[in-house]
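A.B. asks: Quick one: this structure, given as structure tokens, is what I'll be asking you about.
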Amino acid sequence: MGDLADNERAAAEIAERTAELERAQQQLRESEELYRHVVELSSLIPWTADGQGRILAVGKRWRDWTGAAPHQATGTGWQDFVHPEDADGLLQAWTQAVWTGRRFEREWRVRGADGSYRWCHARAAKRADDGGDEVVWYGTLEDVQERHEAEEGYRRAEAELAHVSRLSAMGAMATAIAHDLNQPLTAIAQYVRGCKRLLADVEGPGREELADGLENADRNTVRASEIVRRVREFVTRGTVETRRENLAELVEEACRFAMADPGANGVRCRLGLDGECTVLADRIQIRQVLVNLIRNAVDAMQGRRRRDIVIQTGCGRPGYCEVSVTDTGPGIAPADTARIFDPLYTTRPDGMGVGLSISRTIVEAHGGTIWIDSRDGEGATIRFTLPVAAPADGQAPEAAA
Ligand SMILES: Nc1ncnc2c1ncn2[C@@H]1O[C@H](COP(=O)(O)OP(=O)(O)O)[C@@H](O)[C@H]1O
Ligand SMILES: [Mg+2]
């Protein structure tokens with residue numbers, strides 16, 4: 001009797017354990033299903049490798065991407081699809097990871113089925129309890145080409161901006177030097193001519209040599225003045241290549257640039273843009289003006305509690321669009337407003353004093369004007385205008401025949 005009861009209890013227990021096991025298996029299946037779905041939906045391609053770093057399996061999308069044959073999807077076949085310039089570094093990094101067991105992370109270019117290369121980001125981690133020839137590395141591969149292209153575009157634009165900045169800074173310095181040299185040069189020329197006149201009434205030994213020397217000095221001051229004049233002409237008559245540009249887009253672009261600067265952290269920039277403004281502008285040069293104004297605003301607000309910039313665009317006087325850049329800095333004292341556009345005028349310890357002078361040269365070369373609209377202690381507003389572009393060819397009303 002006792003045995004029967006024991007058997008029943010044991011059977012009940014077995015049934016219960018079996019049910020438990022089935023529930024656990026069901027949960028495992030669901031969890032596997034979930035992970036499989038997640039992996040398939042994500043942009044990551046999963047892969048695994050053994051303790052020697054040989055690929056055991058890789059997601060199906062690897063073969064779709066590269067057009068790899070089945071044997072190229074495992075072992076070391078993937079190495080055939082690495083850009084030659086990336087191959088050495090990548091192999092070295094992977095070998096080192098396999099050797100040390102440290103996490104692996106690297107970006108490299110994969111050759112696609114169409115022969116073109118795309119950047120990918122590979123990551124892998126080693127499983128803690130590896131055994132024999134089993135899977136020990138779990139990795140992913142991600143297509144990061146778009147991010148690379150965006151970064152590349154940003155770097156190129158930044159280099160372009162820096163180039164224009166350097167050129168304009170040189171131009172502004174040249175103007176300043178030319179301006180300052182002109183006065184002493186004029187004085188020298190006048191003294192030399194005065195001496196030549198005095199010498200006409202003098203007789204005696206050495207007179208000829210003296211006359212020759214003065215003549216030479218005269219010729220050279222003329223030459224120096226000519227050089228100065230040409231430099232000033234070159235800088236002030238710098239050519240602008242204007243095209244129809246949407247002003248709002250230009251402002252947005254410049255803003256993205258200037259605000260990417262670490263110094264602009266914590267500065268709020270609000271835009272009030274009229275999307276209809278189409279101006280005649282040299283895109284790079286006007287972007288330079290906007291970046292100069294935004295950087296000045298950021299510099300002026302350093303250390304302030306409220307650091308806001310407002311940029312607005314709209315109609316100006318007839319035939320012109322107007323841009324304003326307003327900040328919450330200390331503003332510009334009325335006494336300084338006349339000087340801040342002068343080349344090399346700066347009140348900042350690390351300033352160059354060329355930003356505003358370049359900006360004025362550029363705006364005026366476009367046929368616009370730039371001015372300050374600012375009350376001392378209340379933040380500064382700088383405004384400038386640009387000529388409105390005539391309607392594009394297709395939109396122009398036909399002339400009456
Ligand atoms: N937004 C502004 N607020 C206050 N002062 C300004 C502002 N913008 C320009 N300034 C003044 O004009 C000077 C000249 O500016 P700039 O030509 O850009 O040269 P830099 O920025 O190198 O000093 C600055 O040193 C500063 O005194
Ligand atoms: Mg400046």
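We label chains A, B, ... in the order they appear in the structure tokens, count residues from 1 in each chain, and number ligands from 1 in the order shown.
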Determine which residues of range 101-291 of chain A receive a DSSP assignment of strand (DSSP E or B), computed from the backbone, and state them as a VMD selection string.

C.D. replies: chain A and resid 104 to 111 117 to 126 137 to 143 243 to 246 268 to 272 278 to 281

A.B. asks: Just want the residues within 7 Å of ligand 1, written as a JSON list (two decimals) with C-alpha atoms, in the first residue's frame, counting only C-alpha atoms and all ligand atoms.

C.D. replies:
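So the final result, stored in selection.json, reads:
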```
[["chain", "number", "residue", "atom", "x", "y", "z"],
["A", 292, "ASN", "CA", 32.01, 85.68, -38.39],
["A", 293, "LEU", "CA", 28.95, 87.40, -36.94],
["A", 296, "ASN", "CA", 31.53, 87.30, -32.53],
["A", 297, "ALA", "CA", 28.16, 86.96, -30.79],
["A", 300, "ALA", "CA", 30.77, 88.50, -26.72],
["A", 327, "ASP", "CA", 22.97, 88.52, -29.11],
["A", 329, "GLY", "CA", 26.21, 90.12, -24.79],
["A", 330, "PRO", "CA", 27.38, 93.49, -23.45],
["A", 331, "GLY", "CA", 26.58, 95.31, -26.69],
["A", 332, "ILE", "CA", 28.90, 97.80, -28.38],
["A", 340, "ILE", "CA", 34.88, 97.87, -35.02],
["A", 341, "PHE", "CA", 34.91, 97.44, -38.81],
["A", 343, "PRO", "CA", 41.08, 96.03, -39.97],
["A", 344, "LEU", "CA", 42.99, 94.70, -36.95],
["A", 345, "TYR", "CA", 40.71, 96.45, -34.42],
["A", 346, "THR", "CA", 39.98, 94.03, -31.59],
["A", 347, "THR", "CA", 39.14, 94.20, -27.89],
["A", 348, "ARG", "CA", 39.59, 90.48, -27.33],
["A", 351, "GLY", "CA", 41.30, 88.39, -31.26],
["A", 352, "MET", "CA", 42.73, 89.21, -34.69],
["A", 353, "GLY", "CA", 40.39, 92.03, -35.49],
["A", 354, "VAL", "CA", 39.80, 90.93, -39.06],
["A", 355, "GLY", "CA", 36.33, 89.29, -38.85],
["A", 356, "LEU", "CA", 34.23, 92.41, -39.23],
["A", 357, "SER", "CA", 36.54, 94.11, -41.67],
["A", 379, "GLY", "CA", 23.35, 93.12, -26.52],
["A", 380, "ALA", "CA", 24.43, 93.82, -30.06],
["A", 381, "THR", "CA", 22.60, 93.57, -33.36]]
```

A.B. asks: Restrict the calculation to only C-alpha atoms, then for each residue of range 291-341 of chain A with any atom at most 10 Å from an atom of range 278-286 of chain A give the closest atom pair and their distance in Å to one decimal, rows by chain and rising residue number, as JSON lines.

C.D. replies:
```
{"residue": "A:Val291", "atom": "CA", "partner": "A:Ile286", "partner_atom": "CA", "distance": 8.5}
{"residue": "A:Asn292", "atom": "CA", "partner": "A:Ile286", "partner_atom": "CA", "distance": 9.7}
{"residue": "A:Gly319", "atom": "CA", "partner": "A:Val279", "partner_atom": "CA", "distance": 9.6}
{"residue": "A:Tyr320", "atom": "CA", "partner": "A:Val279", "partner_atom": "CA", "distance": 8.0}
{"residue": "A:Cys321", "atom": "CA", "partner": "A:Val279", "partner_atom": "CA", "distance": 7.1}
{"residue": "A:Glu322", "atom": "CA", "partner": "A:Val279", "partner_atom": "CA", "distance": 9.9}
```

A.B. asks: When DSSP is applied to the backbone of this structure, which of range 27-236 of chain A are assigned alpha helix (DSSP H)? Write them out as a ChimeraX atom specification.

C.D. replies: /A:27-41,60-66,84-100,145-200,207-236

A.B. asks: Using only C-alpha atoms, determine which residues lie at most 10 Å from Arg61 in chain A, disregarding the query and same-chain residues fewer than 5 positions distant; provide the list as a list in words.

C.D. replies: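 My reading of the contact set: Glu40, Ser43, Leu44, Ile45, Pro46, Thr66 and Gly67 of chain A.
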
A.B. asks: Hey, what's within 6 Å of range 172-181 of chain A if we count only C-alpha atoms and toss same-chain stuff fewer than 3 positions away? As an MDAnalysis selection string, please?

C.D. replies: chainID A and resid 169 184 228 232 343

A.B. asks: Could you name the residues that touch Thr74 in chain A at 7 Å or less, counting only C-alpha atoms, but leaving out those on the same chain fewer than 3 positions away, as JSON, numbers by chain?

C.D. replies: {"A": [55, 56, 57, 71, 77]}

A.B. asks: Could you tell me how far CA of Ala73 in chain A sits from CA of Trp47 in chain A, in Å to one decimal place?

C.D. replies: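 Taking CA of Trp47 in chain A and CA of Ala73 in chain A, their separation equals 9.8 Å.
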
A.B. asks: Considering only C-alpha atoms, return as a list of chain:residue names whatever protein or nucleic-acid residues lie within 6 Å of Val323 in chain A, sequence-local ones (same chain, fewer than 5 positions apart) excluded.

C.D. replies: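 After dropping sequence-adjacent residues, the list is A:Gln312, A:Thr313, A:Arg383, A:Phe384.
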
A.B. asks: Go ahead and save the picked residues with N, CA and C atoms, as a PDB file, in the first residue's frame.

C.D. replies:
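File produced: selection36.pdb:
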```
ATOM      1  N   GLN A 312      17.539  86.729 -37.906  1.00  0.00           N
ATOM      2  CA  GLN A 312      16.318  86.918 -38.689  1.00  0.00           C
ATOM      3  C   GLN A 312      16.659  87.346 -40.104  1.00  0.00           C
ATOM      4  N   THR A 313      15.796  86.939 -41.036  1.00  0.00           N
ATOM      5  CA  THR A 313      15.945  87.424 -42.409  1.00  0.00           C
ATOM      6  C   THR A 313      14.589  87.942 -42.876  1.00  0.00           C
ATOM      7  N   ARG A 383      23.416  94.160 -38.644  1.00  0.00           N
ATOM      8  CA  ARG A 383      22.538  93.908 -39.801  1.00  0.00           C
ATOM      9  C   ARG A 383      23.328  94.045 -41.087  1.00  0.00           C
ATOM     10  N   PHE A 384      22.938  93.265 -42.084  1.00  0.00           N
ATOM     11  CA  PHE A 384      23.492  93.519 -43.418  1.00  0.00           C
ATOM     12  C   PHE A 384      22.456  93.206 -44.489  1.00  0.00           C
TER      13      PHE A 384
END
```

A.B. asks: Pick from A:Gln183, A:Gln190, A:Thr326, A:Thr140: nearest to Thr48 in chain A, with only C-alpha atoms counted?

C.D. replies: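 Closest to Thr48 in chain A of all the choices is A:Thr140.
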
A.B. asks: I'd like the contact shell of range 254-265 of chain A - 8 Å cut-off, only C-alpha atoms, skipping same-chain residues fewer than 4 positions apart - returned as a count of residues only.

C.D. replies: 9

A.B. asks: Quick one: of A:Gly275, A:Gly75, A:Gly51, A:Gly101, who's nearest to Leu247 in chain A, counting only C-alpha atoms?

C.D. replies: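 Looking only at the distances to Leu247 in chain A, the closest residue turns out to be A:Gly275.
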
A.B. asks: Pick from A:Asp3, A:Asp299, A:Asp212, A:Asp64: nearest to ligand 2, with only C-alpha atoms and all ligand atoms counted?

C.D. replies: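 Closest to ligand 2, using only C-alpha atoms and all ligand atoms: A:Asp299.
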
A.B. asks: Calculate how many Å separate CA of Val289 in chain A from CA of Ser165 in chain A, rounding to one decimal.

C.D. replies: 9.8 Å
